[in-house]
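This report refers to the structure that appears directly beneath it.
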Amino acid sequence: MSQFAINLIFVGASFALYIGIAIWARAGSTKEFYVAGGGVNPVMNGMATAADWMSAASFISMAGLIAAGGYANSSFLMGWTGGYVLLAMLLAPYLRKFGKFTVPDFIGDRFYSTGARLVAVACLIIASVTYVIGQMTGAGVAFSRFLEVENDTGLMIAAVVVFMYAVMGGMKGITYTQVAQYVVLIIAYTIPAVFISMQLTGNPIPPLGLFSTHTESGMPLLQKLDEVVRDLGFQDYTADVDNKLNMVLFTLSLMIGTAGLPHVIIRFFTVPKVADARWSAGWALVFIALLYLTAPAVASMARLNLMTTIYPDGPTAEALHYAERPDWMRTWENTGLIRFNDKNADGRIQMYNDNLSDPKGQEFAATAAERGWAGSELEVNNDILVLANPEIANLPGWVIGLIAAGGLAAALSTAAGLLLAISSAISHDLIKGSINPNISDKGELMAARISMGVAIVVATWLGLNPPGFAAQTVALAFGIAAASIFPALMMGIFSKRINSKGAIAGMLAGLISTVVYIFLYLGWLFIPGTNTFANVEANWLFGISPLSFGAVGAMINFAVAFTVSSLTEEPPQEIQDLVESVRFPRGAGEATGH
Amino acid sequence: MVEQKKSAAAYWQANLRLIIVSLLIWALVSYGFGILFRPLLSGIEIGGTDLGFWFAQQGSILTFIALIFFYAWRMNKLDKEYGLDEE
């Protein structure tokens, strides 16, 4: 059977499963549509949260980023998991006790202000829309590579599938589909990793393999990797970083941003009790950790495998002949994600650090010249690392089919969660909350379905015509969630003194300072060439990169909110009673829209 | 009523104490061992690298899981002790 047929079977079977679940779990009321009827078991909710959270970025891109950056990119591992500690202790149980459907619901009620609610709706929509673009493009890439269709056709198929189960089932359909998607994606991620870990270290558990001995050389795997990359002029894989302030703030921004992303928060409204919300955060992190503990192993092993493919006799010997390159390199060359350019015309593939603005690259220039190299000749896009991994390690065809289904599951599950967050903000917070409060349950459900349909069309259109800045916008999504949504929620629970003026001023200050700082370096509205300063470390304020500024924005938000609140009147008594009531689990009842 | 209010305040204080201790550990394993204090831990070798690297790529995640389950277990117990749990 051809690889194409195998891929088709795996992807087709997984899609049939998702749609089958959606038909079984149709939503009949707004409560089922927004919070799955509030009856989701905490372990099951944890699994759905994990699928919701782990996007194309976690599944496809993260291991590639760590492989390229080594220790310095550990921020992604700590940042995208540490946020769950904040969620479990600072947000989830109290928001579950509050018992409404959406995040703006809480901000609007707690700060007794339609203005605060609308600011929250705006932040939510900007953060979620920028995030969903990445998911749709990720799904498009996976389709075009594995089903050998045009990128655009792949995107359309993805949109139709999401439309079917998200519009029909709402949160109920999404939850049960996500459980299935989690199972598919975690199997797809770990199986190739187990094979590769066995090949390199003899240890079948990848996280242990990472710290084991490399069978071939008898050295610890990481030491071997350090040695290979050092011989090619790169920074040691495990080398420490100099700019620790930036690494701390970047990690903190990712943590606070994770805890402030609305599509993750609303998952905790679906469990029956406050106690379940706490357990559920723990289970979510367990299921996320299965992938996040495997990813660093995949990263280092794939980097080592790639280097030994190119330098079969070691990095100090001659490189591989282009004519003898393996099949996987040929297939990926077709996608343009691997590019070879024989700069010194010797027919061999030299890949090394030729970056002269990096001190390590400068040092290596003399060695490269001595060896007759005229620049690094192979460009490998970080994103293909996980998808090509099974091929690099010569694994059987069914593993490749599995990876295709897994990558799509990761992209689609996150897209569905984001689309639900967007549609509930529109139908519940805008239409029912501000425009037409007397809308019937049935009417609201119809509005929710229509806004979900519109959101899918917009997301698909943006996926087909991705703004050139798609990658940067992810920084924006995290920055906004960290600087505006998280502090407002936390202060609303832990302080009775913060009033509506303080909260609105704080949210706007956090939001504006973060957005301006990002635009200063990445271009105003991300239009290329309009940036005020070049985006290099020497220009950054105190060495803080635009991607790390969300944490600073959050601190500005806290400071402004406290100052303004302490200068103005106390919140009314009934609001202070509301804060008191969310702190104690008794009498939580079920999530409602009223 | 006064009694109830007092016990509610004590419950909230206990919750805050638990959160502060947990977040100190949370910060210590990630920002401390994983990033800032890594040079201090460089003498402790583990699988071809140092303990700081392990904390940054695995140890902090494992600690986070333990923290959340510990917090959930303690709080769910406190809910019952103070009679504030849901029936």
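Chains: A, B, ... in order of the structure tokens. Residues: from 1 per chain. Ligands: from 1, in order shown.
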
Can you pull out the residues contacting Ser280 in chain A? Cut-off 7 Å, using only C-alpha atoms, and skip same-chain residues under 4 positions away; I want them as a list in words. Pro42, Val43, Asn45, Gly46, Asp276 and Ala284 of chain A

Should the cut-off be 6 Å, what would the residue list for chain B against chain A look like, counting only C-alpha atoms, as a ChimeraX atom specification? /B:47-48,56-57,68-69,72,76,84-86

Close residues, Ile25 in chain B itself excluded, 12 Å, only C-alpha atoms, min 5 positions apart in chain, as a PDB file with N, CA and C atoms, in the first residue's frame:
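Result file is part.pdb:
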ATOM      1  N   GLY A  82       3.724  25.957  33.547  1.00  0.00           N
ATOM      2  CA  GLY A  82       3.640  26.643  34.845  1.00  0.00           C
ATOM      3  C   GLY A  82       2.367  27.460  35.006  1.00  0.00           C
ATOM      4  N   VAL A  85      -0.394  26.034  37.234  1.00  0.00           N
ATOM      5  CA  VAL A  85      -0.326  26.207  38.689  1.00  0.00           C
ATOM      6  C   VAL A  85      -1.103  27.472  39.062  1.00  0.00           C
TER       7      VAL A  85
ATOM      8  N   LEU B  18      -1.509  28.691  51.999  1.00  0.00           N
ATOM      9  CA  LEU B  18      -1.203  27.548  51.142  1.00  0.00           C
ATOM     10  C   LEU B  18      -0.763  28.019  49.745  1.00  0.00           C
ATOM     11  N   ILE B  19      -1.455  29.025  49.219  1.00  0.00           N
ATOM     12  CA  ILE B  19      -1.106  29.540  47.890  1.00  0.00           C
ATOM     13  C   ILE B  19       0.299  30.149  47.920  1.00  0.00           C
ATOM     14  N   ILE B  20       0.601  30.931  48.977  1.00  0.00           N
ATOM     15  CA  ILE B  20       1.910  31.590  49.035  1.00  0.00           C
ATOM     16  C   ILE B  20       3.041  30.561  49.089  1.00  0.00           C
ATOM     17  N   SER B  30      11.367  26.764  38.961  1.00  0.00           N
ATOM     18  CA  SER B  30      11.469  27.217  37.573  1.00  0.00           C
ATOM     19  C   SER B  30      12.446  28.395  37.454  1.00  0.00           C
ATOM     20  N   TYR B  31      12.078  29.528  38.047  1.00  0.00           N
ATOM     21  CA  TYR B  31      12.942  30.712  37.924  1.00  0.00           C
ATOM     22  C   TYR B  31      14.241  30.539  38.707  1.00  0.00           C
ATOM     23  N   GLY B  32      14.162  29.839  39.853  1.00  0.00           N
ATOM     24  CA  GLY B  32      15.353  29.639  40.678  1.00  0.00           C
ATOM     25  C   GLY B  32      16.274  28.589  40.083  1.00  0.00           C
ATOM     26  N   PHE B  33      15.940  27.311  40.337  1.00  0.00           N
ATOM     27  CA  PHE B  33      16.821  26.223  39.890  1.00  0.00           C
ATOM     28  C   PHE B  33      16.970  26.186  38.371  1.00  0.00           C
ATOM     29  N   SER B  60      10.966  21.037  36.692  1.00  0.00           N
ATOM     30  CA  SER B  60       9.951  22.024  37.047  1.00  0.00           C
ATOM     31  C   SER B  60       8.556  21.509  36.682  1.00  0.00           C
ATOM     32  N   THR B  63       7.393  19.058  39.251  1.00  0.00           N
ATOM     33  CA  THR B  63       7.046  19.743  40.491  1.00  0.00           C
ATOM     34  C   THR B  63       5.690  20.444  40.372  1.00  0.00           C
ATOM     35  N   PHE B  64       5.418  21.057  39.210  1.00  0.00           N
ATOM     36  CA  PHE B  64       4.131  21.741  39.010  1.00  0.00           C
ATOM     37  C   PHE B  64       2.972  20.765  39.217  1.00  0.00           C
ATOM     38  N   ILE B  65       3.097  19.562  38.650  1.00  0.00           N
ATOM     39  CA  ILE B  65       2.018  18.579  38.784  1.00  0.00           C
ATOM     40  C   ILE B  65       1.801  18.249  40.257  1.00  0.00           C
ATOM     41  N   ALA B  66       2.916  17.981  40.964  1.00  0.00           N
ATOM     42  CA  ALA B  66       2.804  17.634  42.381  1.00  0.00           C
ATOM     43  C   ALA B  66       2.151  18.781  43.158  1.00  0.00           C
ATOM     44  N   LEU B  67       2.522  20.019  42.843  1.00  0.00           N
ATOM     45  CA  LEU B  67       1.967  21.179  43.545  1.00  0.00           C
ATOM     46  C   LEU B  67       0.453  21.272  43.379  1.00  0.00           C
ATOM     47  N   ILE B  68      -0.026  21.110  42.141  1.00  0.00           N
ATOM     48  CA  ILE B  68      -1.466  21.260  41.913  1.00  0.00           C
ATOM     49  C   ILE B  68      -2.242  20.164  42.647  1.00  0.00           C
TER      50      ILE B  68
END

Backbone DSSP call of alpha helix (DSSP H) for range 196-434 of chain A, listed as number ranges by chain: A: 196-201, 206-209, 221-231, 244-260, 262-265, 274-310, 327-335, 359-370, 384-392, 397-424

Considering only C-alpha atoms, return as an mmCIF file with N, CA and C atoms, in the first residue's frame whatever protein or nucleic-acid residues lie within 12 Å of Leu40 in chain B, sequence-local ones (same chain, fewer than 5 positions apart) excluded.
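out-v1.cif, written as the output of this step:
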data_model
loop_
_atom_site.group_PDB
_atom_site.id
_atom_site.type_symbol
_atom_site.label_atom_id
_atom_site.label_comp_id
_atom_site.auth_asym_id
_atom_site.auth_seq_id
_atom_site.Cartn_x
_atom_site.Cartn_y
_atom_site.Cartn_z
ATOM 1 N N ASP A 240 24.491 27.794 29.068
ATOM 2 C CA ASP A 240 23.667 28.718 29.841
ATOM 3 C C ASP A 240 23.442 29.997 29.023
ATOM 4 N N GLY B 32 14.162 29.839 39.853
ATOM 5 C CA GLY B 32 15.353 29.639 40.678
ATOM 6 C C GLY B 32 16.274 28.589 40.083
ATOM 7 N N PHE B 33 15.940 27.311 40.337
ATOM 8 C CA PHE B 33 16.821 26.223 39.890
ATOM 9 C C PHE B 33 16.970 26.186 38.371
ATOM 10 N N GLY B 34 15.875 26.444 37.637
ATOM 11 C CA GLY B 34 15.911 26.309 36.179
ATOM 12 C C GLY B 34 16.665 27.432 35.481
ATOM 13 N N ILE B 35 16.647 28.656 36.056
ATOM 14 C CA ILE B 35 17.241 29.785 35.341
ATOM 15 C C ILE B 35 18.323 30.494 36.170
ATOM 16 N N GLU B 45 26.110 16.904 38.650
ATOM 17 C CA GLU B 45 26.003 16.396 37.298
ATOM 18 C C GLU B 45 24.841 15.415 37.162
ATOM 19 N N ASP B 50 23.939 19.416 33.766
ATOM 20 C CA ASP B 50 23.830 19.749 35.188
ATOM 21 C C ASP B 50 22.381 19.776 35.661
ATOM 22 N N LEU B 51 22.212 19.869 36.968
ATOM 23 C CA LEU B 51 20.886 19.800 37.575
ATOM 24 C C LEU B 51 19.979 20.930 37.090
ATOM 25 N N GLY B 52 20.539 22.119 36.858
ATOM 26 C CA GLY B 52 19.748 23.259 36.395
ATOM 27 C C GLY B 52 19.071 22.949 35.065
ATOM 28 N N PHE B 53 19.795 22.321 34.155
ATOM 29 C CA PHE B 53 19.235 21.930 32.859
ATOM 30 C C PHE B 53 18.070 20.957 33.063
#

Determine, counting only C-alpha atoms, which protein, DNA and RNA residues have an atom within 10 Å of an atom of Ala368 in chain A; residues of the same chain fewer than 2 positions away are not included. Present the result as a list in words. Leu232, Gly233, Gln350, Tyr352, Asn353, Asp354, Gly361, Glu363, Phe364, Ala365, Ala366, Glu370, Arg371, Gly372, Trp373, Ala374, Gly375 and Ser376 of chain A

Quote the spacing between CA of Ala345 in chain A and CA of Ala319 in chain A in Å to one decimal place. 12.9 Å

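Here CA of Arg230 in chain A stands at a distance of 18.7 Å from CA of Gly64 in chain A.
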
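Going from CA of Gly553 in chain A to CA of Leu124 in chain A covers 16.3 Å.
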
Contacts of Ala448 in chain A within 7 Å, only C-alpha atoms, excl. fewer than 5 positions in-chain, as a ChimeraX atom specification: /A:423-424,427

For Ser495 in chain A, list every protein, DNA or RNA residue within 12 Å, evaluated using only C-alpha atoms, and leave out those in the same chain fewer than 2 positions away; present the list as an mmCIF file with N, CA and C atoms, in the first residue's frame.
data_model
loop_
_atom_site.group_PDB
_atom_site.id
_atom_site.type_symbol
_atom_site.label_atom_id
_atom_site.label_comp_id
_atom_site.auth_asym_id
_atom_site.auth_seq_id
_atom_site.Cartn_x
_atom_site.Cartn_y
_atom_site.Cartn_z
ATOM 1 N N LEU A 90 -5.202 30.359 41.528
ATOM 2 C CA LEU A 90 -5.615 31.761 41.529
ATOM 3 C C LEU A 90 -6.911 32.026 40.765
ATOM 4 N N ARG A 110 -18.243 41.643 38.265
ATOM 5 C CA ARG A 110 -17.390 41.983 39.393
ATOM 6 C C ARG A 110 -17.059 43.479 39.400
ATOM 7 N N PHE A 111 -16.872 44.041 38.213
ATOM 8 C CA PHE A 111 -16.537 45.458 38.166
ATOM 9 C C PHE A 111 -17.754 46.299 37.801
ATOM 10 N N PRO A 487 -4.548 39.750 35.036
ATOM 11 C CA PRO A 487 -4.563 40.609 36.234
ATOM 12 C C PRO A 487 -5.975 41.016 36.647
ATOM 13 N N ALA A 488 -6.851 41.301 35.657
ATOM 14 C CA ALA A 488 -8.213 41.725 36.004
ATOM 15 C C ALA A 488 -8.946 40.621 36.759
ATOM 16 N N LEU A 489 -8.807 39.378 36.281
ATOM 17 C CA LEU A 489 -9.480 38.265 36.950
ATOM 18 C C LEU A 489 -8.919 38.066 38.350
ATOM 19 N N MET A 490 -7.581 38.087 38.459
ATOM 20 C CA MET A 490 -6.973 37.808 39.752
ATOM 21 C C MET A 490 -7.345 38.875 40.784
ATOM 22 N N MET A 491 -7.268 40.150 40.396
ATOM 23 C CA MET A 491 -7.608 41.214 41.341
ATOM 24 C C MET A 491 -9.084 41.153 41.712
ATOM 25 N N GLY A 492 -9.917 40.752 40.745
ATOM 26 C CA GLY A 492 -11.345 40.658 41.020
ATOM 27 C C GLY A 492 -11.656 39.650 42.108
ATOM 28 N N ILE A 493 -10.806 38.632 42.238
ATOM 29 C CA ILE A 493 -11.033 37.581 43.233
ATOM 30 C C ILE A 493 -10.327 37.896 44.548
ATOM 31 N N ARG A 497 -11.132 45.709 47.157
ATOM 32 C CA ARG A 497 -10.975 47.150 47.065
ATOM 33 C C ARG A 497 -10.942 47.645 45.619
ATOM 34 N N ILE A 498 -10.558 46.768 44.669
ATOM 35 C CA ILE A 498 -10.458 47.216 43.273
ATOM 36 C C ILE A 498 -11.851 47.553 42.754
ATOM 37 N N ASN A 499 -12.037 48.777 42.284
ATOM 38 C CA ASN A 499 -13.349 49.181 41.769
ATOM 39 C C ASN A 499 -13.333 49.246 40.247
ATOM 40 N N GLY A 502 -10.621 51.530 38.621
ATOM 41 C CA GLY A 502 -9.279 50.949 38.733
ATOM 42 C C GLY A 502 -9.090 49.813 37.745
ATOM 43 N N ALA A 503 -10.096 48.931 37.651
ATOM 44 C CA ALA A 503 -9.961 47.771 36.778
ATOM 45 C C ALA A 503 -9.849 48.188 35.319
ATOM 46 N N PHE A 558 -1.470 45.802 37.320
ATOM 47 C CA PHE A 558 -1.678 45.705 38.773
ATOM 48 C C PHE A 558 -1.446 47.065 39.438
ATOM 49 N N ALA A 561 -4.149 49.713 38.531
ATOM 50 C CA ALA A 561 -5.451 49.376 39.120
ATOM 51 C C ALA A 561 -5.469 49.682 40.614
ATOM 52 N N PHE A 562 -4.378 49.363 41.318
ATOM 53 C CA PHE A 562 -4.333 49.620 42.760
ATOM 54 C C PHE A 562 -4.323 51.113 43.052
ATOM 55 N N SER A 565 -7.763 52.708 42.146
ATOM 56 C CA SER A 565 -8.811 52.262 43.070
ATOM 57 C C SER A 565 -8.658 52.906 44.434
ATOM 58 N N SER A 566 -7.412 53.051 44.909
ATOM 59 C CA SER A 566 -7.242 53.583 46.254
ATOM 60 C C SER A 566 -7.529 55.081 46.294
ATOM 61 N N GLU A 570 -14.820 53.083 47.284
ATOM 62 C CA GLU A 570 -14.874 51.632 47.440
ATOM 63 C C GLU A 570 -15.972 51.066 46.546
ATOM 64 N N PRO A 571 -15.830 49.806 46.116
ATOM 65 C CA PRO A 571 -16.925 49.195 45.359
ATOM 66 C C PRO A 571 -18.153 49.046 46.261
ATOM 67 N N ILE A 575 -21.110 44.186 45.696
ATOM 68 C CA ILE A 575 -19.957 43.666 44.957
ATOM 69 C C ILE A 575 -18.975 43.012 45.930
ATOM 70 N N GLN A 576 -18.782 43.654 47.098
ATOM 71 C CA GLN A 576 -17.891 43.061 48.094
ATOM 72 C C GLN A 576 -18.445 41.712 48.564
ATOM 73 N N ASP A 577 -19.784 41.631 48.650
ATOM 74 C CA ASP A 577 -20.395 40.347 49.016
ATOM 75 C C ASP A 577 -20.179 39.304 47.928
ATOM 76 N N LEU A 578 -20.221 39.759 46.666
ATOM 77 C CA LEU A 578 -19.985 38.843 45.543
ATOM 78 C C LEU A 578 -18.573 38.258 45.626
ATOM 79 N N VAL A 579 -17.582 39.139 45.910
ATOM 80 C CA VAL A 579 -16.197 38.668 46.025
ATOM 81 C C VAL A 579 -16.108 37.649 47.158
ATOM 82 N N GLU A 580 -16.742 37.986 48.287
ATOM 83 C CA GLU A 580 -16.767 37.075 49.435
ATOM 84 C C GLU A 580 -17.328 35.718 49.001
ATOM 85 N N VAL A 582 -17.465 34.222 46.015
ATOM 86 C CA VAL A 582 -16.696 33.355 45.100
ATOM 87 C C VAL A 582 -15.542 32.669 45.835
ATOM 88 N N ARG A 583 -15.183 33.191 47.008
ATOM 89 C CA ARG A 583 -14.052 32.605 47.722
ATOM 90 C C ARG A 583 -14.413 31.309 48.430
#

Identify, with DSSP run on backbone atoms, the residues in range 4-80 of chain B assigned to strand (DSSP E), and express the list as a PyMOL selection string. chain B and resi 45-46+49-50
